$ cat coords_33.txt   # compact mmCIF, C-alpha atoms
# COMPACT_ATOMS: atom_id res chain seq x y z
CA MET A 87 -31.94 30.19 -100.51
CA PRO A 88 -32.06 28.80 -96.96
CA THR A 89 -29.19 29.78 -94.70
CA LYS A 90 -28.33 28.91 -91.11
CA THR A 91 -26.05 30.20 -88.42
CA LEU A 92 -24.79 27.17 -86.53
CA LEU A 93 -22.82 26.01 -83.53
CA ILE A 94 -20.90 22.82 -84.29
CA PRO A 95 -19.69 20.69 -81.36
CA THR A 96 -15.95 20.06 -81.52
CA ALA A 97 -13.37 18.47 -79.26
CA ASP A 98 -12.48 21.97 -78.01
CA GLY A 99 -15.88 23.64 -77.71
CA ARG A 100 -18.43 24.83 -80.23
CA ALA A 101 -17.52 26.35 -83.58
CA ASP A 102 -19.81 28.97 -85.02
CA ALA A 103 -20.45 28.47 -88.71
CA PHE A 104 -22.58 29.60 -91.64
CA ALA A 105 -24.40 27.23 -93.98
CA ALA A 106 -26.28 27.74 -97.24
CA PHE A 107 -28.14 25.10 -99.23
CA PRO A 108 -30.84 24.75 -101.89
CA ASP A 109 -34.46 24.82 -100.80
CA HIS A 110 -35.64 21.89 -102.94
CA GLY A 111 -36.19 19.65 -99.93
CA GLU A 112 -33.73 17.16 -101.41
CA ARG A 113 -30.32 15.90 -100.29
CA HIS A 114 -27.26 17.56 -101.81
CA PRO A 115 -23.51 16.96 -101.89
CA GLY A 116 -21.64 18.65 -99.05
CA VAL A 117 -18.94 21.26 -99.48
CA LEU A 118 -16.73 22.37 -96.61
CA LEU A 119 -15.50 25.89 -97.36
CA TYR A 120 -12.57 27.28 -95.40
CA PRO A 121 -12.26 31.09 -95.42
CA ASP A 122 -9.15 33.13 -95.99
CA ALA A 123 -7.16 34.60 -93.10
CA PHE A 124 -9.78 37.31 -92.51
CA GLY A 125 -12.31 34.65 -91.58
CA VAL A 126 -16.08 34.34 -91.88
CA ARG A 127 -17.74 37.58 -92.93
CA PRO A 128 -20.37 38.74 -95.45
CA GLU A 129 -18.01 38.09 -98.37
CA LEU A 130 -17.71 34.40 -97.45
CA GLU A 131 -21.40 34.08 -96.67
CA GLN A 132 -22.20 35.39 -100.14
CA ARG A 133 -19.68 32.95 -101.66
CA ALA A 134 -21.51 30.11 -99.87
CA ARG A 135 -24.88 31.29 -101.16
CA GLU A 136 -23.61 31.47 -104.74
CA LEU A 137 -22.14 27.99 -104.54
CA ALA A 138 -25.26 26.57 -102.92
CA GLU A 139 -27.31 27.82 -105.86
CA HIS A 140 -25.53 25.18 -107.96
CA GLY A 141 -26.87 22.35 -105.81
CA TYR A 142 -24.56 22.03 -102.80
CA TYR A 143 -24.85 22.23 -99.03
CA VAL A 144 -22.03 24.65 -98.17
CA LEU A 145 -20.61 24.88 -94.66
CA VAL A 146 -18.31 27.79 -93.73
CA PRO A 147 -16.82 27.35 -90.24
CA ASN A 148 -15.09 30.00 -88.16
CA PRO A 149 -11.54 28.65 -87.73
CA TYR A 150 -10.92 31.12 -84.90
CA TYR A 151 -13.89 30.01 -82.77
CA ARG A 152 -11.66 29.27 -79.77
CA HIS A 153 -11.10 33.03 -79.55
CA GLY A 154 -14.72 34.07 -80.05
CA PRO A 155 -17.46 34.18 -82.70
CA ALA A 156 -16.78 35.59 -86.15
CA PRO A 157 -15.54 38.13 -86.81
CA VAL A 158 -13.01 37.76 -84.01
CA VAL A 159 -11.36 41.08 -84.87
CA ASP A 160 -12.95 44.28 -86.10
CA LEU A 161 -13.08 44.17 -89.88
CA PRO A 162 -14.00 47.18 -92.01
CA ALA A 163 -16.50 46.67 -94.81
CA HIS A 164 -13.58 47.02 -97.23
CA ILE A 165 -10.19 45.69 -96.14
CA GLY A 166 -7.93 48.11 -97.97
CA GLU A 167 -4.16 48.19 -97.99
CA ASP A 168 -4.25 51.03 -95.47
CA VAL A 169 -5.80 48.79 -92.77
CA ARG A 170 -4.47 45.40 -93.83
CA PRO A 171 -1.26 45.51 -91.71
CA ALA A 172 -3.17 46.37 -88.54
CA VAL A 173 -5.75 43.63 -89.16
CA PHE A 174 -3.03 41.05 -89.78
CA ALA A 175 -1.23 42.11 -86.63
CA GLU A 176 -4.35 41.09 -84.70
CA LEU A 177 -4.89 37.89 -86.66
CA MET A 178 -1.34 36.51 -86.65
CA PRO A 179 -1.44 35.22 -83.04
CA LEU A 180 -4.70 33.41 -83.86
CA LEU A 181 -3.21 31.88 -86.99
CA GLU A 182 -0.10 30.78 -85.12
CA ALA A 183 -2.24 29.15 -82.42
CA HIS A 184 -4.18 27.18 -85.04
CA SER A 185 -1.96 24.10 -84.86
CA THR A 186 -2.14 21.02 -87.06
CA GLU A 187 -3.70 19.13 -84.17
CA ARG A 188 -6.46 21.72 -83.88
CA ILE A 189 -7.03 21.76 -87.64
CA LEU A 190 -7.49 17.99 -87.72
CA ARG A 191 -9.76 17.87 -84.68
CA ASP A 192 -11.91 20.54 -86.24
CA ALA A 193 -11.96 18.79 -89.61
CA ASP A 194 -13.29 15.66 -87.91
CA ALA A 195 -16.09 17.72 -86.38
CA TYR A 196 -16.98 19.57 -89.57
CA LEU A 197 -17.12 16.44 -91.72
CA GLY A 198 -19.11 14.64 -89.03
CA PHE A 199 -21.55 17.53 -88.92
CA LEU A 200 -22.02 17.47 -92.69
CA ALA A 201 -22.65 13.73 -92.67
CA ALA A 202 -25.36 14.15 -90.04
CA GLN A 203 -27.40 16.80 -91.88
CA ARG A 204 -30.63 15.63 -93.43
CA GLU A 205 -30.05 17.98 -96.38
CA VAL A 206 -26.66 16.38 -97.19
CA GLY A 207 -26.33 13.27 -99.34
CA ALA A 208 -24.39 10.19 -98.33
CA GLY A 209 -21.69 10.54 -100.99
CA PRO A 210 -18.25 12.16 -100.81
CA VAL A 211 -17.68 15.83 -100.06
CA ALA A 212 -15.45 18.56 -101.46
CA VAL A 213 -13.24 20.93 -99.51
CA VAL A 214 -12.57 24.44 -100.83
CA GLY A 215 -10.14 26.92 -99.32
CA TYR A 216 -8.98 30.46 -99.92
CA CYS A 217 -5.54 31.69 -98.82
CA ILE A 218 -4.69 29.84 -95.57
CA GLY A 219 -7.93 27.93 -96.07
CA ALA A 220 -6.30 26.03 -98.94
CA ALA A 221 -3.83 24.49 -96.48
CA LEU A 222 -6.71 23.56 -94.16
CA ALA A 223 -8.49 22.01 -97.14
CA LEU A 224 -5.47 19.91 -98.10
CA ARG A 225 -4.97 18.75 -94.51
CA THR A 226 -8.64 17.79 -94.29
CA ALA A 227 -8.49 15.82 -97.52
CA THR A 228 -5.33 13.92 -96.60
CA ALA A 229 -6.74 13.07 -93.17
CA HIS A 230 -10.03 11.82 -94.69
CA PRO A 231 -9.22 10.27 -98.07
CA ASP A 232 -12.34 8.11 -97.85
CA ARG A 233 -14.60 11.16 -97.51
CA VAL A 234 -13.08 13.93 -99.62
CA ALA A 235 -13.30 13.63 -103.41
CA ALA A 236 -12.23 17.12 -104.42
CA VAL A 237 -9.96 19.90 -103.15
CA ALA A 238 -9.86 23.41 -104.57
CA GLY A 239 -7.52 26.12 -103.35
CA PHE A 240 -7.48 29.70 -104.58
CA HIS A 241 -4.60 32.13 -103.95
CA PRO A 242 -3.35 29.37 -101.62
CA GLY A 243 -0.85 29.84 -98.82
CA PHE A 244 1.23 27.62 -96.53
CA LEU A 245 0.98 24.49 -98.69
CA VAL A 246 4.76 24.04 -98.60
CA THR A 247 6.57 24.92 -95.38
CA LYS A 248 9.69 23.79 -93.57
CA ALA A 249 7.64 21.99 -90.91
CA PRO A 250 7.90 18.19 -90.78
CA ASP A 251 4.14 17.98 -91.19
CA SER A 252 3.91 20.50 -94.03
CA PRO A 253 0.78 19.81 -96.11
CA HIS A 254 2.85 18.79 -99.13
CA HIS A 255 4.44 15.95 -97.15
CA LEU A 256 0.97 14.44 -96.64
CA ILE A 257 0.10 14.20 -100.33
CA PRO A 258 0.77 10.42 -100.56
CA LYS A 259 -2.45 10.03 -98.52
CA LEU A 260 -4.47 12.13 -100.98
CA THR A 261 -7.14 10.53 -103.16
CA ALA A 262 -9.09 13.68 -104.11
CA GLU A 263 -8.87 15.53 -107.41
CA VAL A 264 -7.19 18.91 -106.88
CA HIS A 265 -7.29 22.32 -108.51
CA LEU A 266 -5.08 25.20 -107.37
CA GLY A 267 -5.68 28.68 -108.77
CA LEU A 268 -2.52 30.71 -108.16
CA SER A 269 -2.15 34.46 -108.35
CA GLU A 270 0.31 36.00 -110.76
CA GLY A 271 1.63 37.99 -107.81
CA GLY A 272 3.13 34.86 -106.31
CA ASP A 273 1.25 32.83 -103.69
CA MET A 274 4.10 30.32 -103.82
CA SER A 275 7.71 30.58 -104.89
CA PRO A 276 8.69 28.60 -108.00
CA GLY A 277 10.66 26.26 -105.77
CA ALA A 278 7.72 25.63 -103.44
CA LEU A 279 5.36 25.06 -106.36
CA GLY A 280 7.87 22.64 -107.84
CA GLU A 281 8.00 20.68 -104.59
CA LEU A 282 4.23 20.55 -104.43
CA THR A 283 3.71 19.39 -108.01
CA LYS A 284 6.51 16.82 -107.70
CA ALA A 285 4.81 15.37 -104.64
CA MET A 286 1.48 15.18 -106.48
CA ASP A 287 3.07 13.63 -109.57
CA THR A 288 4.85 11.04 -107.45
CA ALA A 289 1.62 10.18 -105.63
CA GLY A 290 -0.37 9.95 -108.86
CA VAL A 291 -2.79 12.71 -107.85
CA ASP A 292 -5.20 13.99 -110.47
CA TYR A 293 -4.55 17.73 -110.29
CA THR A 294 -4.29 21.02 -112.12
CA THR A 295 -2.43 24.17 -111.16
CA GLU A 296 -3.06 27.41 -112.99
CA VAL A 297 -1.76 30.95 -112.67
CA TYR A 298 -4.66 33.35 -113.05
CA PRO A 299 -3.38 36.27 -115.15
CA GLY A 300 -3.31 39.81 -113.84
CA THR A 301 -3.91 38.79 -110.24
CA ILE A 302 -2.39 39.30 -106.82
CA HIS A 303 -2.95 37.31 -103.63
CA GLY A 304 -6.59 37.52 -102.55
CA TYR A 305 -8.04 38.02 -106.04
CA THR A 306 -11.40 36.35 -105.28
CA MET A 307 -12.32 38.62 -102.37
CA SER A 308 -14.43 41.61 -103.42
CA ASP A 309 -14.02 43.26 -99.99
CA THR A 310 -10.26 43.73 -100.54
CA ASP A 311 -8.06 45.76 -102.86
CA ALA A 312 -6.82 42.51 -104.43
CA PHE A 313 -10.19 41.72 -106.02
CA ASN A 314 -10.16 40.83 -109.71
CA PRO A 315 -13.64 40.22 -111.20
CA SER A 316 -12.42 38.26 -114.21
CA ALA A 317 -10.30 36.03 -111.98
CA LEU A 318 -13.29 35.38 -109.71
CA GLN A 319 -15.22 34.27 -112.79
CA ARG A 320 -12.33 32.00 -113.83
CA HIS A 321 -12.43 30.56 -110.30
CA TRP A 322 -16.08 29.58 -110.83
CA GLU A 323 -15.25 28.14 -114.25
CA ARG A 324 -12.70 25.82 -112.61
CA LEU A 325 -14.53 25.07 -109.36
CA LEU A 326 -17.98 24.14 -110.64
CA PRO A 327 -16.83 21.51 -113.18
CA LEU A 328 -14.54 20.01 -110.54
CA LEU A 329 -17.47 19.57 -108.17
CA GLN A 330 -19.70 18.26 -110.94
CA ARG A 331 -17.11 15.61 -111.85
CA THR A 332 -16.40 14.43 -108.33
CA LEU A 333 -19.62 14.79 -106.33
CA ALA A 334 -22.61 12.69 -107.28
CA GLY A 335 -25.77 14.69 -107.76
CA GLY A 336 -24.16 18.15 -107.90

$ encode --input "coords_33.txt" --output "structure tokens"
Amino acid sequence: MPTKTLLIPTADGRADAFAAFPDHGERHPGVLLYPDAFGVRPELEQRARELAEHGYYVLVPNPYYRHGPAPVVDLPAHIGEDVRPAVFAELMPLLEAHSTERILRDADAYLGFLAAQREVGAGPVAVVGYCIGAALALRTATAHPDRVAAVAGFHPGFLVTKAPDSPHHLIPKLTAEVHLGLSEGGDMSPGALGELTKAMDTAGVDYTTEVYPGTIHGYTMSDTDAFNPSALQRHWERLLPLLQRTLAGG
């Protein structure tokens, strides 16, 4: 499985990123994969490799590149509940600085990079996000409805906020098919989920939302205490058919 460590030119510098793709010498559909709040690390690199084995070119950018290469804060091999508060205390200023304007400028660069790779086919792409990455995925898809055919978000966060440009307000621009895999522990309040699904219904979006039983926020990440192996498998059972339906040649 070929992999690359990359530097992607953006409007604000160069974003370090990880890519994995099949070694068939063919062109494959592109998948932009946004990490959770902890960022790019071995867990996300392994996720990219596993997804690439199914026939996709998977790009995992470091959303915090303006503050340094990944990982931008010291991360233990296992992010347990004992260290989680201290890690988040370091990450919160970086998350707060990652404005909508920055997200959209970066999305332009990442999609442009994918389109320019000789291993990536000319068809539409998918955007996958975990935790905060789900909000980045939705923003990317609504900003590029002509390019993004599928959005998948797992234990998603920040999809419905009080901000005027909250991701859920942008759903009328969405053309992609969407799957959201929610934790039982409550990634979104019932009211927020209701607002989100109402917006998607009104816009005529093809979507599914599902609560994965026995889970808490972060259930896909094996380097955290939240990890749930059966939920990770369910995530693959939802993600892979979505990509197969929406991306030609996957």

$ closest_atom_pairs --input "coords_33.txt" --of "segment 187-262 of chain A" --to "segment 138-149 of chain A" --cutoff "9 Å" --atoms "only C-alpha atoms" --output "Markdown table"
| residue | atom | partner | partner_atom | distance |
| --- | --- | --- | --- | --- |
| A:Ile189 | CA | A:Pro149 | CA | 8.2 |
| A:Asp192 | CA | A:Pro149 | CA | 8.3 |
| A:Tyr196 | CA | A:Pro147 | CA | 7.8 |
| A:Leu200 | CA | A:Leu145 | CA | 7.8 |
| A:Glu205 | CA | A:Tyr143 | CA | 7.2 |
| A:Val206 | CA | A:Tyr143 | CA | 6.4 |

$ atom_distance --input "coords_33.txt" --atom1 "atom CA of Asp311 of chain A" --atom2 "atom CA of Leu279 of chain A"
24.9 Å

$ closest_residue --input "coords_33.txt" --among "A:Gly99, A:Pro299, A:Gly290, A:Pro276" --to "Val246 of chain A" --atoms "all atoms listed in the file"
A:Pro276

$ residues_around --input "coords_33.txt" --residues "Thr306 of chain A" --least-positions-apart "2" --cutoff "6 Å" --atoms "only C-alpha atoms" --output "PyMOL selection string"
chain A and resi 304+313+318

$ residues_around --input "coords_33.txt" --residues "Asp292 of chain A" --least-positions-apart "6" --cutoff "8 Å" --atoms "all atoms listed in the file" --output "list in words"
Ala262, Glu263, Val264 and Met286 of chain A

$ closest_residue --input "coords_33.txt" --among "A:Ala175, A:Ile302, A:Met307, A:Leu130" --to "Pro157 of chain A" --atoms "all atoms listed in the file"
A:Leu130

$ closest_residue --input "coords_33.txt" --among "A:Thr261, A:Thr89, A:Thr96, A:Ser269" --to "Ala236 of chain A" --atoms "all atoms listed in the file"
A:Thr261

$ atom_distance --input "coords_33.txt" --atom1 "atom CA of Tyr305 of chain A" --atom2 "atom CA of Ala123 of chain A"
13.4 Å

$ closest_residue --input "coords_33.txt" --among "A:Ala101, A:Ala201, A:Leu260, A:Leu161" --to "His230 of chain A" --atoms "all atoms listed in the file"
A:Leu260

$ residues_around --input "coords_33.txt" --residues "Pro115 of chain A" --least-positions-apart "4" --cutoff "7 Å" --atoms "only C-alpha atoms" --output "VMD selection string"
chain A and resid 142 to 143 206 to 207 209 211 333 to 336

$ closest_residue --input "coords_33.txt" --among "A:Gly116, A:Pro315, A:Pro327, A:Gly277" --to "Ala202 of chain A" --atoms "only C-alpha atoms"
A:Gly116

$ closest_residue --input "coords_33.txt" --among "A:His184, A:His164, A:Lys248, A:Arg233" --to "Asp309 of chain A" --atoms "only C-alpha atoms"
A:His164

$ residues_around --input "coords_33.txt" --residues "Asp102 of chain A" --least-positions-apart "6" --cutoff "10 Å" --atoms "only C-alpha atoms" --output "list in words"
Thr91, Leu92, Leu93, Ile94, Pro95, Val126, Val146, Pro147, Asn148, Pro149, Tyr150, Tyr151, Arg152, Gly154, Pro155 and Ala156 of chain A

$ write_last_selection --input "coords_33.txt" --atoms "C-alpha atoms" --output "tab-separated table (two decimals), keeping the file's coordinate frame"
chain	number	residue	atom	x	y	z
A	91	THR	CA	-26.05	30.20	-88.42
A	92	LEU	CA	-24.79	27.17	-86.53
A	93	LEU	CA	-22.82	26.01	-83.53
A	94	ILE	CA	-20.90	22.82	-84.29
A	95	PRO	CA	-19.69	20.69	-81.36
A	126	VAL	CA	-16.08	34.34	-91.88
A	146	VAL	CA	-18.31	27.79	-93.73
A	147	PRO	CA	-16.82	27.35	-90.24
A	148	ASN	CA	-15.09	30.00	-88.16
A	149	PRO	CA	-11.54	28.65	-87.73
A	150	TYR	CA	-10.92	31.12	-84.90
A	151	TYR	CA	-13.89	30.01	-82.77
A	152	ARG	CA	-11.66	29.27	-79.77
A	154	GLY	CA	-14.72	34.07	-80.05
A	155	PRO	CA	-17.46	34.18	-82.70
A	156	ALA	CA	-16.78	35.59	-86.15

$ decode --input "coords_33.txt" --residues "segment 101-118 of chain A" --atoms "N, CA and C atoms" --output "short mmCIF file (atom, residue, chain, number, x, y, z; two decimals), in the first residue's frame"
data_model
loop_
_atom_site.label_atom_id
_atom_site.label_comp_id
_atom_site.auth_asym_id
_atom_site.auth_seq_id
_atom_site.Cartn_x
_atom_site.Cartn_y
_atom_site.Cartn_z
N ALA A 101 0.29 22.94 4.02
CA ALA A 101 -0.32 22.01 4.97
C ALA A 101 0.34 20.65 4.83
N ASP A 102 0.84 20.12 5.94
CA ASP A 102 1.33 18.76 5.90
C ASP A 102 0.14 17.81 5.88
N ALA A 103 0.32 16.69 5.22
CA ALA A 103 -0.79 15.75 5.04
C ALA A 103 -0.23 14.35 4.82
N PHE A 104 -1.11 13.37 4.98
CA PHE A 104 -0.78 11.97 4.77
C PHE A 104 -1.72 11.44 3.69
N ALA A 105 -1.19 10.64 2.77
CA ALA A 105 -2.02 10.05 1.73
C ALA A 105 -1.72 8.56 1.61
N ALA A 106 -2.77 7.79 1.35
CA ALA A 106 -2.64 6.37 1.07
C ALA A 106 -3.49 6.04 -0.15
N PHE A 107 -3.02 5.12 -0.98
CA PHE A 107 -3.74 4.80 -2.21
C PHE A 107 -3.31 3.43 -2.70
N PRO A 108 -4.14 2.78 -3.51
CA PRO A 108 -3.79 1.46 -4.03
C PRO A 108 -2.57 1.53 -4.93
N ASP A 109 -1.90 0.40 -5.09
CA ASP A 109 -0.68 0.37 -5.89
C ASP A 109 -0.90 -0.28 -7.24
N HIS A 110 -2.13 -0.20 -7.77
CA HIS A 110 -2.44 -0.84 -9.04
C HIS A 110 -1.92 -0.07 -10.24
N GLY A 111 -1.47 1.16 -10.03
CA GLY A 111 -1.07 1.99 -11.15
C GLY A 111 -2.24 2.57 -11.91
N GLU A 112 -3.44 2.52 -11.33
CA GLU A 112 -4.64 3.04 -11.96
C GLU A 112 -5.05 4.34 -11.28
N ARG A 113 -6.13 4.95 -11.79
CA ARG A 113 -6.68 6.14 -11.15
C ARG A 113 -7.87 5.73 -10.29
N HIS A 114 -8.01 6.37 -9.14
CA HIS A 114 -9.00 5.97 -8.15
C HIS A 114 -9.78 7.19 -7.67
N PRO A 115 -11.01 6.98 -7.21
CA PRO A 115 -11.76 8.09 -6.63
C PRO A 115 -11.04 8.67 -5.43
N GLY A 116 -11.17 9.99 -5.25
CA GLY A 116 -10.52 10.66 -4.14
C GLY A 116 -11.43 10.76 -2.93
N VAL A 117 -10.82 10.62 -1.77
CA VAL A 117 -11.52 10.81 -0.49
C VAL A 117 -10.70 11.76 0.36
N LEU A 118 -11.32 12.84 0.77
CA LEU A 118 -10.71 13.78 1.71
C LEU A 118 -11.18 13.41 3.11
#
